[in-house]
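To be precise, the following lines are work37.pdb, and they hold PDB, C-alpha atoms.
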ATOM      1  CA  MET A1077     -36.226  69.183 -17.596
ATOM      2  CA  SER A1078     -36.908  72.133 -19.810
ATOM      3  CA  ASP A1079     -35.164  72.553 -23.181
ATOM      4  CA  THR A1080     -35.754  76.285 -23.638
ATOM      5  CA  ILE A1081     -32.612  78.361 -23.196
ATOM      6  CA  LEU A1082     -33.304  82.045 -22.653
ATOM      7  CA  PRO A1083     -30.400  84.426 -23.216
ATOM      8  CA  ALA A1084     -29.139  85.775 -19.893
ATOM      9  CA  GLY A1085     -29.022  89.366 -21.057
ATOM     10  CA  SER A1086     -30.302  91.731 -23.692
ATOM     11  CA  LEU A1087     -28.860  92.324 -27.131
ATOM     12  CA  ASP A1088     -28.895  96.079 -26.488
ATOM     13  CA  ASN A1089     -26.735  95.767 -23.363
ATOM     14  CA  LEU A1090     -24.327  93.432 -25.166
ATOM     15  CA  LYS A1091     -24.007  95.905 -28.053
ATOM     16  CA  THR A1092     -23.321  98.724 -25.582
ATOM     17  CA  TYR A1093     -20.538  96.637 -23.972
ATOM     18  CA  LEU A1094     -19.051  95.833 -27.388
ATOM     19  CA  ARG A1095     -19.319  99.497 -28.423
ATOM     20  CA  ILE A1096     -21.620  98.697 -31.322
ATOM     21  CA  SER A1097     -24.218 101.322 -32.149
ATOM     22  CA  SER A1098     -27.809 100.240 -31.460
ATOM     23  CA  ALA A1099     -28.616 101.443 -34.999
ATOM     24  CA  ASP A1100     -26.099  98.947 -36.462
ATOM     25  CA  THR A1101     -28.066  95.730 -36.935
ATOM     26  CA  SER A1102     -25.554  94.025 -39.253
ATOM     27  CA  LYS A1103     -24.318  91.640 -36.508
ATOM     28  CA  ASP A1104     -27.557  91.184 -34.553
ATOM     29  CA  ALA A1105     -28.174  87.604 -35.705
ATOM     30  CA  LEU A1106     -24.614  86.580 -34.783
ATOM     31  CA  LEU A1107     -24.736  88.395 -31.428
ATOM     32  CA  ASN A1108     -28.088  86.775 -30.546
ATOM     33  CA  LEU A1109     -26.675  83.353 -31.443
ATOM     34  CA  LEU A1110     -23.581  83.991 -29.319
ATOM     35  CA  LEU A1111     -25.669  85.278 -26.407
ATOM     36  CA  GLU A1112     -27.857  82.157 -26.471
ATOM     37  CA  SER A1113     -24.888  79.804 -26.962
ATOM     38  CA  CYS A1114     -22.793  81.375 -24.212
ATOM     39  CA  THR A1115     -25.803  81.346 -21.878
ATOM     40  CA  GLN A1116     -26.216  77.622 -22.501
ATOM     41  CA  ALA A1117     -22.485  76.998 -22.052
ATOM     42  CA  ALA A1118     -22.470  79.061 -18.841
ATOM     43  CA  GLU A1119     -25.393  77.007 -17.510
ATOM     44  CA  LEU A1120     -23.466  73.824 -18.239
ATOM     45  CA  TYR A1121     -20.387  75.284 -16.546
ATOM     46  CA  ILE A1122     -22.215  76.317 -13.368
ATOM     47  CA  GLY A1123     -24.628  73.358 -13.435
ATOM     48  CA  ARG A1124     -27.662  75.582 -12.859
ATOM     49  CA  TYR A1125     -30.280  77.453 -14.841
ATOM     50  CA  ILE A1126     -29.645  81.164 -15.071
ATOM     51  CA  ILE A1127     -33.210  82.186 -15.920
ATOM     52  CA  ALA A1128     -35.911  80.187 -14.107
ATOM     53  CA  ARG A1129     -37.583  77.343 -15.979
ATOM     54  CA  ASP A1130     -40.120  74.664 -15.217
ATOM     55  CA  ILE A1131     -38.736  71.235 -14.390
ATOM     56  CA  ILE A1132     -41.316  68.485 -14.880
ATOM     57  CA  GLU A1133     -41.162  65.283 -12.820
ATOM     58  CA  GLU A1134     -37.485  65.322 -11.870
ATOM     59  CA  PRO A1135     -36.820  61.772 -10.579
ATOM     60  CA  HIS A1136     -35.146  60.899  -7.278
ATOM     61  CA  ASP A1137     -34.640  57.271  -6.214
ATOM     62  CA  PHE A1138     -34.645  56.589  -2.483
ATOM     63  CA  ASP A1139     -34.621  52.766  -2.641
ATOM     64  CA  GLY A1140     -32.282  51.633   0.119
ATOM     65  CA  VAL A1141     -31.594  55.207   1.214
ATOM     66  CA  LYS A1142     -32.950  56.574   4.475
ATOM     67  CA  SER A1143     -32.989  60.328   4.332
ATOM     68  CA  ARG A1144     -35.441  63.027   5.298
ATOM     69  CA  TYR A1145     -33.778  65.441   2.828
ATOM     70  CA  LEU A1146     -34.305  65.644  -0.909
ATOM     71  CA  GLN A1147     -31.800  67.756  -2.909
ATOM     72  CA  LEU A1148     -33.316  69.175  -6.080
ATOM     73  CA  ASP A1149     -31.014  69.380  -9.113
ATOM     74  CA  GLN A1150     -31.763  73.057  -9.742
ATOM     75  CA  TYR A1151     -31.832  75.921  -7.254
ATOM     76  CA  PRO A1152     -32.772  78.476  -6.076
ATOM     77  CA  VAL A1153     -36.334  77.225  -6.327
ATOM     78  CA  CYS A1154     -39.081  79.694  -7.220
ATOM     79  CA  LYS A1155     -41.981  77.315  -6.628
ATOM     80  CA  ILE A1156     -42.608  73.628  -5.966
ATOM     81  CA  ASN A1157     -45.641  72.603  -8.008
ATOM     82  CA  SER A1158     -45.997  68.956  -7.015
ATOM     83  CA  ILE A1159     -44.226  66.013  -5.410
ATOM     84  CA  MET A1160     -45.201  62.405  -6.069
ATOM     85  CA  GLN A1161     -43.801  59.622  -3.893
ATOM     86  CA  ASN A1162     -44.396  56.120  -5.268
ATOM     87  CA  GLY A1163     -47.351  57.397  -7.293
ATOM     88  CA  GLU A1164     -48.971  59.268  -4.388
ATOM     89  CA  SER A1165     -49.281  63.029  -4.401
ATOM     90  CA  LEU A1166     -47.825  64.695  -1.302
ATOM     91  CA  ASP A1167     -49.113  67.899   0.264
ATOM     92  CA  VAL A1168     -46.314  70.308  -0.645
ATOM     93  CA  SER A1169     -47.396  72.776   2.053
ATOM     94  CA  SER A1170     -46.712  70.162   4.759
ATOM     95  CA  LEU A1171     -43.049  69.903   3.755
ATOM     96  CA  LYS A1172     -40.234  72.214   4.803
ATOM     97  CA  ALA A1173     -38.294  73.653   1.893
ATOM     98  CA  ASP A1174     -35.074  75.610   1.758
ATOM     99  CA  MET A1175     -35.879  77.272  -1.570
ATOM    100  CA  TYR A1176     -32.501  79.000  -1.899
ATOM    101  CA  ASN A1177     -30.553  75.720  -1.690
ATOM    102  CA  GLY A1178     -33.189  73.425  -3.220
ATOM    103  CA  LEU A1179     -33.603  71.186  -0.171
ATOM    104  CA  VAL A1180     -36.941  69.625   0.731
ATOM    105  CA  LYS A1181     -37.270  68.100   4.212
ATOM    106  CA  LYS A1182     -39.901  65.575   5.193
ATOM    107  CA  SER A1183     -40.731  64.506   8.759
ATOM    108  CA  SER A1184     -40.365  60.831   7.791
ATOM    109  CA  PRO A1185     -37.746  59.390   5.428
ATOM    110  CA  TRP A1186     -38.295  59.615   1.680
ATOM    111  CA  ARG A1187     -39.002  56.217   0.133
ATOM    112  CA  GLY A1188     -38.987  54.721  -3.355
ATOM    113  CA  VAL A1189     -39.239  56.915  -6.408
ATOM    114  CA  VAL A1190     -39.996  60.596  -5.904
ATOM    115  CA  LEU A1191     -40.979  62.851  -8.824
ATOM    116  CA  VAL A1192     -40.777  66.603  -8.293
ATOM    117  CA  SER A1193     -42.187  69.312 -10.562
ATOM    118  CA  TYR A1194     -40.934  72.796  -9.791
ATOM    119  CA  LYS A1195     -39.613  76.070 -11.190
ATOM    120  CA  ALA A1196     -36.006  77.057 -10.500
ATOM    121  CA  GLY A1197     -33.257  79.388 -11.656
ATOM    122  CA  ILE A1198     -30.908  82.100 -10.456
ATOM    123  CA  ALA A1199     -33.112  84.872 -11.909
ATOM    124  CA  ALA A1200     -36.861  84.964 -12.449
ATOM    125  CA  ARG A1201     -36.550  87.037 -15.650
ATOM    126  CA  GLN A1202     -33.890  88.223 -18.072
ATOM    127  CA  GLU A1203     -33.942  91.646 -16.398
ATOM    128  CA  ASP A1204     -33.077  90.040 -13.041
ATOM    129  CA  VAL A1205     -29.913  88.226 -14.158
ATOM    130  CA  PRO A1206     -27.067  89.283 -11.839
ATOM    131  CA  LYS A1207     -24.754  91.841 -13.431
ATOM    132  CA  ASN A1208     -21.650  89.704 -12.926
ATOM    133  CA  ILE A1209     -23.226  86.840 -14.915
ATOM    134  CA  GLN A1210     -24.076  89.282 -17.709
ATOM    135  CA  LEU A1211     -20.519  90.653 -17.628
ATOM    136  CA  ALA A1212     -19.122  87.110 -17.800
ATOM    137  CA  LEU A1213     -21.195  86.467 -20.935
ATOM    138  CA  TRP A1214     -20.231  89.787 -22.538
ATOM    139  CA  ARG A1215     -16.539  89.129 -21.914
ATOM    140  CA  TRP A1216     -16.896  85.601 -23.269
ATOM    141  CA  ILE A1217     -18.613  86.864 -26.425
ATOM    142  CA  SER A1218     -15.988  89.578 -26.838
ATOM    143  CA  ALA A1219     -13.272  86.904 -26.622
ATOM    144  CA  ILE A1220     -15.051  84.789 -29.249
ATOM    145  CA  LEU A1221     -15.329  87.776 -31.584
ATOM    146  CA  SER A1222     -11.638  88.642 -31.062
ATOM    147  CA  GLU A1223     -10.678  85.038 -31.727
ATOM    148  CA  GLN A1224     -12.794  85.053 -34.877
ATOM    149  CA  GLU A1225     -10.885  88.103 -36.153
ATOM    150  CA  SER A1226      -7.480  86.574 -35.373
ATOM    151  CA  GLY A1227      -8.385  83.042 -36.415
ATOM    152  CA  GLY A1228      -7.656  81.898 -32.856
ATOM    153  CA  VAL A1229      -3.920  82.179 -33.420
ATOM    154  CA  LYS A1230      -1.806  83.934 -30.804
ATOM    155  CA  SER A1231       1.784  84.914 -31.329
ATOM    156  CA  GLU A1232       4.678  86.046 -29.192
ATOM    157  CA  THR A1233       7.941  87.624 -30.230
ATOM    158  CA  LEU A1234      11.161  87.941 -28.242
ATOM    159  CA  GLY A1235      13.989  89.522 -30.216
ATOM    160  CA  ASP A1236      14.504  87.456 -33.370
ATOM    161  CA  TYR A1237      12.444  84.561 -32.013
ATOM    162  CA  SER A1238       8.709  84.360 -32.815
ATOM    163  CA  VAL A1239       6.175  81.643 -32.061
ATOM    164  CA  SER A1240       2.498  81.261 -32.935
ATOM    165  CA  TYR A1241       0.042  78.889 -31.310
ATOM    166  CA  TYR A1242      -3.654  78.112 -31.350
ATOM    167  CA  ASP A1243      -5.585  78.962 -28.188
ATOM    168  CA  GLU A1244      -8.344  76.435 -27.588
ATOM    169  CA  ARG A1245      -9.572  77.402 -24.117
ATOM    170  CA  GLN A1246     -13.260  76.771 -23.714
ATOM    171  CA  ILE A1247     -14.073  79.604 -21.331
ATOM    172  CA  PRO A1248     -12.043  82.758 -20.853
ATOM    173  CA  PRO A1249     -10.528  82.881 -17.356
ATOM    174  CA  ALA A1250     -12.145  86.258 -16.591
ATOM    175  CA  SER A1251     -15.589  84.840 -17.417
ATOM    176  CA  ALA A1252     -14.945  81.677 -15.404
ATOM    177  CA  LEU A1253     -13.941  83.777 -12.409
ATOM    178  CA  LEU A1254     -17.185  85.783 -12.593
ATOM    179  CA  LEU A1255     -19.272  82.592 -12.850
ATOM    180  CA  GLU A1256     -17.414  80.603 -10.176
ATOM    181  CA  SER A1257     -19.546  81.702  -7.223
ATOM    182  CA  TYR A1258     -22.665  80.371  -8.999
ATOM    183  CA  ARG A1259     -21.326  76.856  -9.602
ATOM    184  CA  LYS A1260     -23.480  74.069  -8.294
ATOM    185  CA  VAL A1261     -22.069  72.311  -5.261
ATOM    186  CA  ASN A1262     -22.818  68.600  -5.023
ATOM    187  CA  LEU A1263     -22.940  67.159  -1.547
TER     188      LEU A1263
END
For the file at hand, write its structure as structure tokens.
Amino acid sequence: MSDTILPAGSLDNLKTYLRISSADTSKDALLNLLLESCTQAAELYIGRYIIARDIIEEPHDFDGVKSRYLQLDQYPVCKINSIMQNGESLDVSSLKADMYNGLVKKSSPWRGVVLVSYKAGIAARQEDVPKNIQLALWRWISAILSEQESGGVKSETLGDYSVSYYDERQIPPASALLLESYRKVNL
């Protein structure tokens, strides 16, 4: 698997959402860090790469399993570079692939250890990231910045009664809702 996390949106668009002037660069380092961190957290939440990356020799073990279908961990798939089954290279063009869902079908059952190298992700480039994923990240970052200003403490008052509590949610509900349709479904 690839270790490179590309931010799923531009700093300029994030600054526009947060109503920060493009000329104001005082928070750029923090905003870039938050954009990268929230992108990584969103990828963990949905279980998929947002911006396509190369996956090198993803292992699949078919010992004792008789199936003609191989489910890749990441999808949609941009390109399948190679498939090795028990050390033998397979002709990728002879296989049927559902690139959108990351399924590779073989006419005979898969056997042994299969290593797949491919490129996959929801968007090919940063510019292609769906707007609702970008909005989810912007809202998440906005919530983090608001929490930073308040120290994460929320308070409520009813008449003479007042209570304060610490909010430790990991993902704002509005962001989770926007990301939900991209969550990986395991069969």
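Once the PyMOL selection byres ((chain A and resi 1196) around 7) is applied to this file, the selection holds A:Ala1128, A:Arg1129, A:Asp1130, A:Gln1150, A:Tyr1151, A:Pro1152, A:Val1153, A:Cys1154, A:Tyr1194, A:Lys1195, A:Gly1197.
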Atom CA of A:Lys1103 to atom CA of A:Ile1247, straight-line distance in Å: 21.9 Å
Counting all atoms listed in the file, the option among A:His1136, A:Lys1260, A:Lys1142, A:Arg1095 closest to A:Ser1184: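 Comparing A:His1136, A:Lys1260, A:Lys1142, A:Arg1095 against A:Ser1184, the winner is A:Lys1142.
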Using all atoms listed in the file, which protein or nucleic acid residues come within 12 Å of A:Glu1164? Drop anything in the same chain fewer than 5 positions from it, and give the result as a PDB file with C-alpha atoms, in the frame of the given file.
ATOM      1  CA  SER A1158     -45.997  68.956  -7.015  1.00  0.00           C
ATOM      2  CA  ILE A1159     -44.226  66.013  -5.410  1.00  0.00           C
ATOM      3  CA  ARG A1187     -39.002  56.217   0.133  1.00  0.00           C
ATOM      4  CA  GLY A1188     -38.987  54.721  -3.355  1.00  0.00           C
ATOM      5  CA  VAL A1189     -39.239  56.915  -6.408  1.00  0.00           C
ATOM      6  CA  VAL A1190     -39.996  60.596  -5.904  1.00  0.00           C
ATOM      7  CA  LEU A1191     -40.979  62.851  -8.824  1.00  0.00           C
ATOM      8  CA  VAL A1192     -40.777  66.603  -8.293  1.00  0.00           C
TER       9      VAL A1192
END
Give the centre and edge lengths of an axis-aligned box, in Å to one decimal, that holds all listed atoms of stretch 1181-1194 of chain A with 4 Å on each side, as JSON.
{"center_x": -39.7, "center_y": 63.8, "center_z": -0.9, "size_x": 12.9, "size_y": 26.1, "size_z": 27.3}
Result set, the PyMOL selection byres ((chain A and resi 1113) around 12) on current file, as a count of residues only: 25
Got a sec to resolve the PyMOL selection byres ((chain A and resi 1205) around 12) on this structure and send the residues as an mmCIF file with C-alpha atoms, in the coordinates of the input?
data_model
loop_
_atom_site.group_PDB
_atom_site.id
_atom_site.type_symbol
_atom_site.label_atom_id
_atom_site.label_comp_id
_atom_site.auth_asym_id
_atom_site.auth_seq_id
_atom_site.Cartn_x
_atom_site.Cartn_y
_atom_site.Cartn_z
ATOM 1 C CA LEU A 1082 -33.304 82.045 -22.653
ATOM 2 C CA PRO A 1083 -30.400 84.426 -23.216
ATOM 3 C CA ALA A 1084 -29.139 85.775 -19.893
ATOM 4 C CA GLY A 1085 -29.022 89.366 -21.057
ATOM 5 C CA SER A 1086 -30.302 91.731 -23.692
ATOM 6 C CA THR A 1115 -25.803 81.346 -21.878
ATOM 7 C CA TYR A 1125 -30.280 77.453 -14.841
ATOM 8 C CA ILE A 1126 -29.645 81.164 -15.071
ATOM 9 C CA ILE A 1127 -33.210 82.186 -15.920
ATOM 10 C CA ALA A 1128 -35.911 80.187 -14.107
ATOM 11 C CA GLY A 1197 -33.257 79.388 -11.656
ATOM 12 C CA ILE A 1198 -30.908 82.100 -10.456
ATOM 13 C CA ALA A 1199 -33.112 84.872 -11.909
ATOM 14 C CA ALA A 1200 -36.861 84.964 -12.449
ATOM 15 C CA ARG A 1201 -36.550 87.037 -15.650
ATOM 16 C CA GLN A 1202 -33.890 88.223 -18.072
ATOM 17 C CA GLU A 1203 -33.942 91.646 -16.398
ATOM 18 C CA ASP A 1204 -33.077 90.040 -13.041
ATOM 19 C CA PRO A 1206 -27.067 89.283 -11.839
ATOM 20 C CA LYS A 1207 -24.754 91.841 -13.431
ATOM 21 C CA ASN A 1208 -21.650 89.704 -12.926
ATOM 22 C CA ILE A 1209 -23.226 86.840 -14.915
ATOM 23 C CA GLN A 1210 -24.076 89.282 -17.709
ATOM 24 C CA LEU A 1211 -20.519 90.653 -17.628
ATOM 25 C CA ALA A 1212 -19.122 87.110 -17.800
ATOM 26 C CA LEU A 1213 -21.195 86.467 -20.935
ATOM 27 C CA TYR A 1258 -22.665 80.371 -8.999
#
Atomic separation - atom CA of A:Leu1255 relative to atom CA of A:Leu1146, Å: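 Computing the Euclidean distance for atom CA of A:Leu1146 and atom CA of A:Leu1255 yields 25.6 Å.
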Selected residue of minimal separation from A:Val1141 among A:Pro1185, A:Ala1099, A:Tyr1176, A:Ala1219, counting all atoms listed in the file: A:Pro1185
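For the choices A:Glu1223, A:Ser1251, A:Gln1161, A:Ser1218, the atom-to-atom distance to A:Lys1091 is smallest for A:Ser1218 when using all atoms listed in the file.
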Please produce stretch 1214-1225 of chain A, completed to all heavy atoms, as a PDB file, in the frame of the given file.
ATOM      1  N   TRP A1214     -20.723  88.755 -21.616  1.00  0.00           N
ATOM      2  CA  TRP A1214     -20.231  89.787 -22.538  1.00  0.00           C
ATOM      3  C   TRP A1214     -18.742  89.604 -22.811  1.00  0.00           C
ATOM      4  O   TRP A1214     -18.293  89.711 -23.948  1.00  0.00           O
ATOM      5  CB  TRP A1214     -20.481  91.181 -21.985  1.00  0.00           C
ATOM      6  CG  TRP A1214     -21.915  91.541 -21.749  1.00  0.00           C
ATOM      7  CD1 TRP A1214     -23.017  90.972 -22.316  1.00  0.00           C
ATOM      8  CD2 TRP A1214     -22.401  92.539 -20.861  1.00  0.00           C
ATOM      9  NE1 TRP A1214     -24.159  91.563 -21.826  1.00  0.00           N
ATOM     10  CE2 TRP A1214     -23.807  92.523 -20.944  1.00  0.00           C
ATOM     11  CE3 TRP A1214     -21.779  93.431 -19.998  1.00  0.00           C
ATOM     12  CZ2 TRP A1214     -24.604  93.384 -20.199  1.00  0.00           C
ATOM     13  CZ3 TRP A1214     -22.576  94.299 -19.261  1.00  0.00           C
ATOM     14  CH2 TRP A1214     -23.967  94.271 -19.366  1.00  0.00           C
ATOM     15  N   ARG A1215     -17.987  89.323 -21.751  1.00  0.00           N
ATOM     16  CA  ARG A1215     -16.539  89.129 -21.914  1.00  0.00           C
ATOM     17  C   ARG A1215     -16.255  87.880 -22.745  1.00  0.00           C
ATOM     18  O   ARG A1215     -15.335  87.860 -23.562  1.00  0.00           O
ATOM     19  CB  ARG A1215     -15.859  89.045 -20.551  1.00  0.00           C
ATOM     20  CG  ARG A1215     -15.928  90.379 -19.804  1.00  0.00           C
ATOM     21  CD  ARG A1215     -15.241  90.320 -18.507  1.00  0.00           C
ATOM     22  NE  ARG A1215     -13.818  90.602 -18.777  1.00  0.00           N
ATOM     23  CZ  ARG A1215     -12.970  90.936 -17.850  1.00  0.00           C
ATOM     24  NH1 ARG A1215     -13.348  91.019 -16.604  1.00  0.00           N
ATOM     25  NH2 ARG A1215     -11.719  91.183 -18.150  1.00  0.00           N
ATOM     26  N   TRP A1216     -17.044  86.843 -22.523  1.00  0.00           N
ATOM     27  CA  TRP A1216     -16.896  85.601 -23.269  1.00  0.00           C
ATOM     28  C   TRP A1216     -17.168  85.854 -24.752  1.00  0.00           C
ATOM     29  O   TRP A1216     -16.402  85.423 -25.620  1.00  0.00           O
ATOM     30  CB  TRP A1216     -17.858  84.574 -22.708  1.00  0.00           C
ATOM     31  CG  TRP A1216     -17.588  83.140 -23.048  1.00  0.00           C
ATOM     32  CD1 TRP A1216     -16.800  82.652 -24.054  1.00  0.00           C
ATOM     33  CD2 TRP A1216     -18.108  82.013 -22.384  1.00  0.00           C
ATOM     34  NE1 TRP A1216     -16.816  81.283 -24.050  1.00  0.00           N
ATOM     35  CE2 TRP A1216     -17.619  80.865 -23.035  1.00  0.00           C
ATOM     36  CE3 TRP A1216     -18.965  81.851 -21.297  1.00  0.00           C
ATOM     37  CZ2 TRP A1216     -17.952  79.572 -22.633  1.00  0.00           C
ATOM     38  CZ3 TRP A1216     -19.299  80.562 -20.898  1.00  0.00           C
ATOM     39  CH2 TRP A1216     -18.794  79.440 -21.551  1.00  0.00           C
ATOM     40  N   ILE A1217     -18.250  86.556 -25.033  1.00  0.00           N
ATOM     41  CA  ILE A1217     -18.613  86.864 -26.425  1.00  0.00           C
ATOM     42  C   ILE A1217     -17.550  87.749 -27.064  1.00  0.00           C
ATOM     43  O   ILE A1217     -17.161  87.534 -28.221  1.00  0.00           O
ATOM     44  CB  ILE A1217     -20.019  87.507 -26.491  1.00  0.00           C
ATOM     45  CG1 ILE A1217     -21.068  86.456 -26.110  1.00  0.00           C
ATOM     46  CG2 ILE A1217     -20.296  88.099 -27.866  1.00  0.00           C
ATOM     47  CD1 ILE A1217     -22.449  87.010 -25.827  1.00  0.00           C
ATOM     48  N   SER A1218     -17.051  88.712 -26.331  1.00  0.00           N
ATOM     49  CA  SER A1218     -15.988  89.578 -26.838  1.00  0.00           C
ATOM     50  C   SER A1218     -14.753  88.752 -27.194  1.00  0.00           C
ATOM     51  O   SER A1218     -14.118  88.975 -28.235  1.00  0.00           O
ATOM     52  CB  SER A1218     -15.637  90.639 -25.786  1.00  0.00           C
ATOM     53  OG  SER A1218     -14.590  91.455 -26.231  1.00  0.00           O
ATOM     54  N   ALA A1219     -14.419  87.773 -26.355  1.00  0.00           N
ATOM     55  CA  ALA A1219     -13.272  86.904 -26.622  1.00  0.00           C
ATOM     56  C   ALA A1219     -13.504  86.063 -27.876  1.00  0.00           C
ATOM     57  O   ALA A1219     -12.581  85.880 -28.687  1.00  0.00           O
ATOM     58  CB  ALA A1219     -12.995  86.004 -25.416  1.00  0.00           C
ATOM     59  N   ILE A1220     -14.720  85.575 -28.049  1.00  0.00           N
ATOM     60  CA  ILE A1220     -15.051  84.789 -29.249  1.00  0.00           C
ATOM     61  C   ILE A1220     -14.913  85.651 -30.500  1.00  0.00           C
ATOM     62  O   ILE A1220     -14.335  85.228 -31.503  1.00  0.00           O
ATOM     63  CB  ILE A1220     -16.473  84.196 -29.148  1.00  0.00           C
ATOM     64  CG1 ILE A1220     -16.511  83.096 -28.083  1.00  0.00           C
ATOM     65  CG2 ILE A1220     -16.941  83.655 -30.504  1.00  0.00           C
ATOM     66  CD1 ILE A1220     -17.904  82.610 -27.735  1.00  0.00           C
ATOM     67  N   LEU A1221     -15.418  86.875 -30.431  1.00  0.00           N
ATOM     68  CA  LEU A1221     -15.329  87.776 -31.584  1.00  0.00           C
ATOM     69  C   LEU A1221     -13.876  88.129 -31.887  1.00  0.00           C
ATOM     70  O   LEU A1221     -13.482  88.179 -33.056  1.00  0.00           O
ATOM     71  CB  LEU A1221     -16.166  89.030 -31.339  1.00  0.00           C
ATOM     72  CG  LEU A1221     -17.676  88.812 -31.277  1.00  0.00           C
ATOM     73  CD1 LEU A1221     -18.388  90.089 -30.841  1.00  0.00           C
ATOM     74  CD2 LEU A1221     -18.220  88.317 -32.608  1.00  0.00           C
ATOM     75  N   SER A1222     -13.068  88.342 -30.859  1.00  0.00           N
ATOM     76  CA  SER A1222     -11.638  88.642 -31.062  1.00  0.00           C
ATOM     77  C   SER A1222     -10.933  87.445 -31.680  1.00  0.00           C
ATOM     78  O   SER A1222     -10.092  87.592 -32.573  1.00  0.00           O
ATOM     79  CB  SER A1222     -10.966  88.991 -29.745  1.00  0.00           C
ATOM     80  OG  SER A1222     -11.458  90.197 -29.251  1.00  0.00           O
ATOM     81  N   GLU A1223     -11.280  86.254 -31.203  1.00  0.00           N
ATOM     82  CA  GLU A1223     -10.678  85.038 -31.727  1.00  0.00           C
ATOM     83  C   GLU A1223     -11.067  84.836 -33.184  1.00  0.00           C
ATOM     84  O   GLU A1223     -10.267  84.405 -34.008  1.00  0.00           O
ATOM     85  CB  GLU A1223     -11.118  83.830 -30.890  1.00  0.00           C
ATOM     86  CG  GLU A1223     -10.473  82.536 -31.301  1.00  0.00           C
ATOM     87  CD  GLU A1223     -10.895  81.392 -30.406  1.00  0.00           C
ATOM     88  OE1 GLU A1223     -10.602  81.462 -29.203  1.00  0.00           O
ATOM     89  OE2 GLU A1223     -11.520  80.457 -30.922  1.00  0.00           O
ATOM     90  N   GLN A1224     -12.311  85.186 -33.500  1.00  0.00           N
ATOM     91  CA  GLN A1224     -12.794  85.053 -34.877  1.00  0.00           C
ATOM     92  C   GLN A1224     -11.978  85.960 -35.808  1.00  0.00           C
ATOM     93  O   GLN A1224     -11.611  85.564 -36.905  1.00  0.00           O
ATOM     94  CB  GLN A1224     -14.276  85.420 -34.940  1.00  0.00           C
ATOM     95  CG  GLN A1224     -14.912  85.200 -36.296  1.00  0.00           C
ATOM     96  CD  GLN A1224     -16.373  85.607 -36.294  1.00  0.00           C
ATOM     97  OE1 GLN A1224     -16.765  86.556 -35.633  1.00  0.00           O
ATOM     98  NE2 GLN A1224     -17.179  84.878 -37.044  1.00  0.00           N
ATOM     99  N   GLU A1225     -11.667  87.164 -35.350  1.00  0.00           N
ATOM    100  CA  GLU A1225     -10.885  88.103 -36.153  1.00  0.00           C
ATOM    101  C   GLU A1225      -9.449  87.629 -36.342  1.00  0.00           C
ATOM    102  O   GLU A1225      -8.867  87.800 -37.392  1.00  0.00           O
ATOM    103  CB  GLU A1225     -10.894  89.493 -35.512  1.00  0.00           C
ATOM    104  CG  GLU A1225     -12.225  90.189 -35.623  1.00  0.00           C
ATOM    105  CD  GLU A1225     -12.259  91.517 -34.885  1.00  0.00           C
ATOM    106  OE1 GLU A1225     -11.196  92.013 -34.449  1.00  0.00           O
ATOM    107  OE2 GLU A1225     -13.364  92.053 -34.726  1.00  0.00           O
TER     108      GLU A1225
END
